[in-house]
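**Q** Pasting a structure below so you can have a look.
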Amino acid sequence: MTKADYEKLLKRIQDKISEKQTDTGERFELPSPNVMWEGQRTILHNFMDFAKKLRRDPDKVLQYLAKEFATPAERSGDKAIFVGRREPHDFVNLLNIYVKDYLECPTCKSPDTKIERENRITFLICEACGAKSSLKGKYA
Ligand SMILES: [Zn+2]
């Protein structure tokens, strides 16, 4: 391999890397669940990281998980504790559904949305396209 070839290759690799970086910067990605088990309980250590990333009320997010798991749950600082044994992918699956139902703008699919309440109706306001849509679920 000549020096020029080598430099070309290097350039290509660097381009790939910077491509990747912009990708992850734009895409909405949830943290990985940090799950531990204590007896018959599951502790999600980084629960608050999810609530912050989702920008939703932590209590509502917890209620949602508890309802979907059909199990009691409680918060303890930044952690959430669930009765029963849950795998990290159980959290990933559920939270991805939560993102679809409670974050994604129906118009442009952006997850950059916020909640607004008027009277007793909850609206999803999209910060990307400005669309305002009513939200049916009660865990926002
Ligand atoms: Zn939108």
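Starting from 1 in every chain, residues are counted up; chains themselves are A, B, ... following the order of the structure tokens, and ligands are numbered from 1 as listed.
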Compute the set of protein, DNA and RNA residues whose minimum atom distance to ligand 1 is at most 8 Å, using only C-alpha atoms and all ligand atoms, and state it as a VMD selection string.

**A** chain A and resid 104 to 110 112 to 113 125 to 131

**Q** For Tyr139 (chain A), work out the shell of residues within 12 Å, counting only C-alpha atoms and skipping chain neighbours fewer than 4 positions away, then give it as an MDAnalysis selection string.

**A** chainID A and resid 56:68 95 98:99 101:103 115 122 135

**Q** Using the selection just defined, write its residues with C-alpha atoms as a PDB file, in the first residue's frame.

**A**
ATOM      1  CA  ARG A  56     -41.980  13.416  31.265  1.00  0.00           C
ATOM      2  CA  ASP A  57     -43.156  13.352  34.867  1.00  0.00           C
ATOM      3  CA  PRO A  58     -41.141  10.567  36.582  1.00  0.00           C
ATOM      4  CA  ASP A  59     -44.204   9.529  38.572  1.00  0.00           C
ATOM      5  CA  LYS A  60     -46.218   9.054  35.381  1.00  0.00           C
ATOM      6  CA  VAL A  61     -43.437   7.084  33.718  1.00  0.00           C
ATOM      7  CA  LEU A  62     -43.251   4.869  36.784  1.00  0.00           C
ATOM      8  CA  GLN A  63     -47.035   4.414  36.834  1.00  0.00           C
ATOM      9  CA  TYR A  64     -46.886   3.451  33.196  1.00  0.00           C
ATOM     10  CA  LEU A  65     -44.209   0.809  33.759  1.00  0.00           C
ATOM     11  CA  ALA A  66     -46.027  -0.524  36.818  1.00  0.00           C
ATOM     12  CA  LYS A  67     -49.278  -0.798  34.894  1.00  0.00           C
ATOM     13  CA  GLU A  68     -47.699  -2.510  31.892  1.00  0.00           C
ATOM     14  CA  LEU A  95     -40.058   2.483  27.045  1.00  0.00           C
ATOM     15  CA  TYR A  98     -43.900   4.851  25.647  1.00  0.00           C
ATOM     16  CA  VAL A  99     -41.834   6.984  23.272  1.00  0.00           C
ATOM     17  CA  ASP A 101     -47.330   6.788  22.435  1.00  0.00           C
ATOM     18  CA  TYR A 102     -46.274   9.752  24.545  1.00  0.00           C
ATOM     19  CA  LEU A 103     -43.401  11.493  22.784  1.00  0.00           C
ATOM     20  CA  ILE A 115     -46.969  18.266  27.248  1.00  0.00           C
ATOM     21  CA  THR A 122     -53.592  16.767  27.455  1.00  0.00           C
ATOM     22  CA  LEU A 135     -52.950  12.793  23.735  1.00  0.00           C
TER      23      LEU A 135
END

**Q** Report as a ChimeraX atom specification: the residues of chain A with a DSSP assignment of strand (DSSP E), based on the backbone of this structure.

**A** /A:35-38,41-44,73-76,79-83,113-118,121-126,132-134

**Q** Based on the selection just made, write N, CA and C atoms of those residues as a short mmCIF file (atom, residue, chain, number, x, y, z; two decimals), in the first residue's frame.

**A**
data_model
loop_
_atom_site.label_atom_id
_atom_site.label_comp_id
_atom_site.auth_asym_id
_atom_site.auth_seq_id
_atom_site.Cartn_x
_atom_site.Cartn_y
_atom_site.Cartn_z
N VAL A 35 -30.04 -2.58 35.35
CA VAL A 35 -30.96 -3.39 36.13
C VAL A 35 -30.21 -4.33 37.07
N MET A 36 -30.70 -4.41 38.30
CA MET A 36 -30.15 -5.39 39.25
C MET A 36 -31.30 -6.08 39.96
N TRP A 37 -31.04 -7.31 40.39
CA TRP A 37 -32.09 -8.05 41.08
C TRP A 37 -31.73 -8.25 42.53
N GLU A 38 -32.71 -8.07 43.37
CA GLU A 38 -32.54 -8.36 44.79
C GLU A 38 -33.71 -9.24 45.18
N ARG A 41 -37.15 -8.83 43.58
CA ARG A 41 -37.39 -7.45 43.17
C ARG A 41 -36.38 -7.05 42.10
N THR A 42 -36.84 -6.18 41.22
CA THR A 42 -35.98 -5.66 40.16
C THR A 42 -35.73 -4.19 40.44
N ILE A 43 -34.47 -3.81 40.43
CA ILE A 43 -34.13 -2.41 40.68
C ILE A 43 -33.57 -1.80 39.40
N LEU A 44 -34.26 -0.77 38.95
CA LEU A 44 -33.77 -0.03 37.78
C LEU A 44 -33.01 1.18 38.32
N ALA A 73 -44.76 -0.80 41.97
CA ALA A 73 -43.44 -0.20 41.78
C ALA A 73 -43.33 1.03 42.65
N GLU A 74 -42.12 1.36 43.04
CA GLU A 74 -41.93 2.58 43.82
C GLU A 74 -40.60 3.21 43.47
N ARG A 75 -40.51 4.50 43.74
CA ARG A 75 -39.27 5.20 43.49
C ARG A 75 -38.47 5.32 44.76
N SER A 76 -37.17 5.26 44.61
CA SER A 76 -36.31 5.47 45.76
C SER A 76 -35.12 6.27 45.24
N LYS A 79 -33.66 5.69 41.70
CA LYS A 79 -33.95 4.31 41.32
C LYS A 79 -35.45 4.06 41.27
N ALA A 80 -35.83 2.99 40.59
CA ALA A 80 -37.20 2.52 40.66
C ALA A 80 -37.15 1.04 41.00
N ILE A 81 -38.04 0.63 41.88
CA ILE A 81 -38.03 -0.75 42.35
C ILE A 81 -39.34 -1.42 41.96
N PHE A 82 -39.22 -2.58 41.32
CA PHE A 82 -40.39 -3.32 40.84
C PHE A 82 -40.44 -4.66 41.53
N VAL A 83 -41.65 -5.10 41.82
CA VAL A 83 -41.82 -6.43 42.36
C VAL A 83 -41.78 -7.41 41.21
N THR A 113 -41.00 16.75 21.92
CA THR A 113 -42.34 17.26 22.19
C THR A 113 -42.48 17.58 23.66
N LYS A 114 -43.43 18.43 23.97
CA LYS A 114 -43.73 18.68 25.37
C LYS A 114 -45.23 18.56 25.60
N ILE A 115 -45.58 18.47 26.87
CA ILE A 115 -46.97 18.27 27.25
C ILE A 115 -47.58 19.59 27.69
N GLU A 116 -48.79 19.82 27.24
CA GLU A 116 -49.53 20.99 27.73
C GLU A 116 -50.93 20.54 28.10
N ARG A 117 -51.42 21.08 29.22
CA ARG A 117 -52.76 20.70 29.63
C ARG A 117 -53.69 21.89 29.56
N GLU A 118 -54.83 21.65 28.94
CA GLU A 118 -55.85 22.70 28.89
C GLU A 118 -57.13 22.07 29.38
N ILE A 121 -57.79 18.28 29.10
CA ILE A 121 -57.25 17.62 27.91
C ILE A 121 -55.72 17.79 27.88
N THR A 122 -55.04 16.72 27.56
CA THR A 122 -53.59 16.77 27.45
C THR A 122 -53.20 16.87 25.99
N PHE A 123 -52.33 17.83 25.72
CA PHE A 123 -51.87 18.02 24.35
C PHE A 123 -50.38 17.74 24.24
N LEU A 124 -50.02 17.27 23.08
CA LEU A 124 -48.63 17.05 22.75
C LEU A 124 -48.23 18.18 21.80
N ILE A 125 -47.26 18.97 22.23
CA ILE A 125 -46.82 20.08 21.39
C ILE A 125 -45.45 19.71 20.80
N CYS A 126 -45.37 19.75 19.49
CA CYS A 126 -44.13 19.37 18.83
C CYS A 126 -43.22 20.58 18.71
N LYS A 132 -49.86 20.50 17.16
CA LYS A 132 -50.47 20.30 18.48
C LYS A 132 -51.50 19.20 18.34
N SER A 133 -51.30 18.12 19.09
CA SER A 133 -52.25 17.02 18.97
C SER A 133 -52.68 16.58 20.36
N SER A 134 -53.91 16.11 20.47
CA SER A 134 -54.37 15.67 21.77
C SER A 134 -53.83 14.28 22.05
#

**Q** Quote the spacing between CA of Lys52 (chain A) and CA of Gln40 (chain A) in Å to one decimal place.

**A**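 Answer for the CA of Lys52 (chain A) to CA of Gln40 (chain A) separation: 27.1 Å.
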
**Q** According to DSSP computed on the backbone, where in chain A is there helix (DSSP H, G or I)? Give the residues as an MDAnalysis selection string.

**A** chainID A and resid 3:26 47:54 58:69 88:102

**Q** Record the distance separating CA of Phe28 (chain A) and CA of Gly137 (chain A), expressed in Å with one decimal.

**A**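 Value for the CA of Phe28 (chain A)-CA of Gly137 (chain A) distance: 21.2 Å.
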
**Q** Taking only C-alpha atoms into account, which of A:Asn46, A:Glu7, A:Thr2, A:Arg12 comes nearest Asp78 (chain A)?

**A**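 Of A:Asn46, A:Glu7, A:Thr2, A:Arg12, the one nearest Asp78 (chain A) is A:Asn46, counting only C-alpha atoms.
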
**Q** Check the smallest atom-to-atom distance from each of A:Arg27, A:Lys11, A:His45, A:Lys100 to Ala140 (chain A) using only C-alpha atoms, then report the winner.

**A**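 Closest candidate: A:Lys100.
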
**Q** Could you jot down the CA of Glu87 (chain A) to CA of Glu29 (chain A) separation for me, Å, one decimal place?

**A**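 That distance, rounded to one decimal, is 18.8 Å.
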